[in-house]
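This report refers to the structure that appears directly beneath it.
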Amino acid sequence: MQINLISDTVTKPTKGMLAAMMSANVGDDVFKTDPTVNKLQTKMAKMFGMEDALFFPSGTMANQVAIKLHTQPGDRMFCDKWAHVYNFEGGGPAFNSGVTSCLIDGERGMFKAKQLSDIISGSRSDIHSPFSRLVALENTTNKGGGACWDFEEILKVKKVCEDNSLAFHLDGARLFNALVAKQETPKQYGEAFDTISICLSKGLGAPVGSVLIGTKAHMEKALRIRKLFGGGMRQAGYLAAAGIYALDNHVERLAIDHTRAKIIGVALQNCELIKNVEPIETNIVIFNVIDEINEYDFIERLNKAGISLISMGQGKLRMVTHIDFTEEMLEMVVNTIEHI
């Protein structure tokens with residue numbers, strides 16, 4: 001048995017999801033005539049209490065379109081030093097939008113409103129400085145080990161944005177993990193942000209797709225940018241049907257992934273080869289091996305035992321639980337860690 005814990009993007013559609021995909025009513029989404037895509041977009045907008053939504057082939061494209069619609073070349077975006085939009089999207093803000101990224105030294109991918117305010121106060125725009133236009137948050141934080149933002153802190157950041165006329169975007173690739181873990185609601189986030197990207201192909205288990213939500217004006221502009229980026233799809237309803245099924249059937253079960261991640265965390269904490277395990281709130285487990293061994297040797301040991309994981313760099317290793325990770329697999333992983 002091969003156990004893949006590299007990411008929650010490695011999942012396959014369930015039988016129910018496949019049935020929904022194969023029976024989808026489709027059209028040509030470039031002409032806005034795919035009824036299933038339209039249904040997904042309406043569903044997501046209504047869920048978050050926002051005006052409109054747009055379906056994308058990837059979360060990276062959704063984020064990059066959001067950055068472009070909020071900025072002009074030469075502008076400045078504020079984000080955490082570990083933010084996905086800066087670290088893992090191919091330099092997109094600079095390449096696609098000509099945007100400078102001002103990195104904030106937060107904790108586990110999350111900074112404080114005061115940090116943002118202090119940086120803005122110390123860099124008021126003049127002819128030598130970029131215009132400050134956008135703040136981008138990530139929830140949960142990928143490199144931060146699935147950490148969840150404190151919503152009260154998000155509201156404080158929002159106030160700083162309002163006071164300084166900054167747009168406010170959320171990379172919500174794993175937002176539903178945060179909602180389940182923190183018992184929060186989509187509408188709370190819809191009221192806080194100008195735009196939000198939601199990934200359907202991570203913990204929710206769909207094979208492809210993300211959704212960007214915001215105002216009708218933002219989505220009209222985003223539609224044009226999506227076309228510019230090559231993101232216009234035709235009979236995309238087959239993919240949108242998977243997203244609808246995921247929203248209807250796979251949200252509450254995220255709590256199972258969180259529980260299993262914590263069980264793995266306990267096993268790692270008790271393993272003499274592990275130096276530390278970062279706090280586990282959702283479905284991501286990040287840990288470091290002791291200095292006496294090489295992290296890639298540890299990965300190879302687990303690979304030989306049939307368990308795949310990944311390095312995040314700087315000595316960090318990552319495991320991610322997901323819908324295809326079963327109770328039997330959990331027992332095998334724990335047993336392997338205990339006897340490695």
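Chain labels follow the order of the structure tokens: the first chain is A, the next B, and so on; residue numbering restarts at 1 in every chain, and ligands are counted from 1 in their shown order.
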Worksheet entry | For A:Leu223: contacts at 9 Å, only C-alpha atoms, fewer than 6 positions along chain excluded, given as number ranges by chain | A: 54, 65, 231-232
Worksheet item: Excluding same-chain residues fewer than 6 positions from A:Gly74, what lies within 6 Å of it counting only C-alpha atoms, as a list in words?
Response: Gly98, Val99 and Pro130 of chain A
Only C-alpha atoms, please: the residues just picked out, written as a PDB file, in the first residue's frame.
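Below you can see part.pdb, which holds the result:
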ATOM      1  CA  GLY A  98       4.539  44.488 -11.955  1.00  0.00           C
ATOM      2  CA  VAL A  99       3.895  44.640  -8.223  1.00  0.00           C
ATOM      3  CA  PRO A 130       5.634  52.608  -4.653  1.00  0.00           C
TER       4      PRO A 130
END
Practice prompt. Would you mind telling me which residue in A:Leu212, A:Ile6, A:Met50, A:Ala240 lies nearest to A:Ala192 when using only C-alpha atoms?
Written response: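 Smallest distance to A:Ala192 is found for A:Met50.
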Worksheet item: Between A:Asn303, A:Gln72, A:Gln314, A:Ser132, which has the minimum distance to A:Asn4 (counting only C-alpha atoms)?
Response: A:Asn303
Item to complete: Excluding A:Lys112 and any residue of its chain fewer than 5 positions from it, enumerate the residues within 9 Å of it, using only C-alpha atoms, and give them as a PyMOL selection string.
Response: chain A and resi 106-107+117+153-154+156-157
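Counting from atom CA of A:Asn139, the distance to atom CA of A:Arg174 is 6.4 Å.
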Contact table stretch 277-312 of chain A vs stretch 320-337 of chain A, cut-off 12 Å, shortest pair per residue, only C-alpha atoms, as CSV:
residue,atom,partner,partner_atom,distance
A:Ile280,CA,A:Val320,CA,10.8
A:Glu281,CA,A:Val320,CA,11.9
A:Thr282,CA,A:Thr321,CA,9.0
A:Asn283,CA,A:Thr321,CA,5.3
A:Ile284,CA,A:Val320,CA,4.6
A:Val285,CA,A:Val320,CA,6.1
A:Ile286,CA,A:Val320,CA,8.7
A:Phe287,CA,A:Val320,CA,11.7
A:Phe298,CA,A:Ile337,CA,10.5
A:Ile299,CA,A:Ile337,CA,11.6
A:Arg301,CA,A:Thr336,CA,9.7
A:Leu302,CA,A:Thr336,CA,7.8
A:Asn303,CA,A:Thr336,CA,10.8
A:Lys304,CA,A:Thr336,CA,10.5
A:Ala305,CA,A:Thr336,CA,7.3
A:Gly306,CA,A:Val333,CA,9.1
A:Ile307,CA,A:Val333,CA,7.2
A:Ser308,CA,A:Val320,CA,10.1
A:Leu309,CA,A:Val320,CA,8.1
A:Ile310,CA,A:Val320,CA,9.3
A:Ser311,CA,A:Val320,CA,11.8
Practice prompt. Identify, with DSSP run on backbone atoms, the residues in stretch 255-294 of chain A assigned to strand (DSSP E or B), and express the list as a PyMOL selection string.
Written response: chain A and resi 274-277+284-289
Against stretch 19-28 of chain A, which residues of stretch 187-244 of chain A fall within 6 Å? For each one I want the closest pair of atoms and the distance in Å (one decimal), counting only C-alpha atoms, rows by chain and increasing residue number, as a Markdown table.
| residue | atom | partner | partner_atom | distance |
| --- | --- | --- | --- | --- |
| A:Arg234 | CA | A:Asp28 | CA | 4.5 |
| A:Gln235 | CA | A:Asp28 | CA | 5.2 |
| A:Gly237 | CA | A:Val26 | CA | 5.1 |
| A:Tyr238 | CA | A:Met21 | CA | 4.8 |
| A:Ala241 | CA | A:Met21 | CA | 5.2 |
| A:Ala242 | CA | A:Met21 | CA | 5.8 |
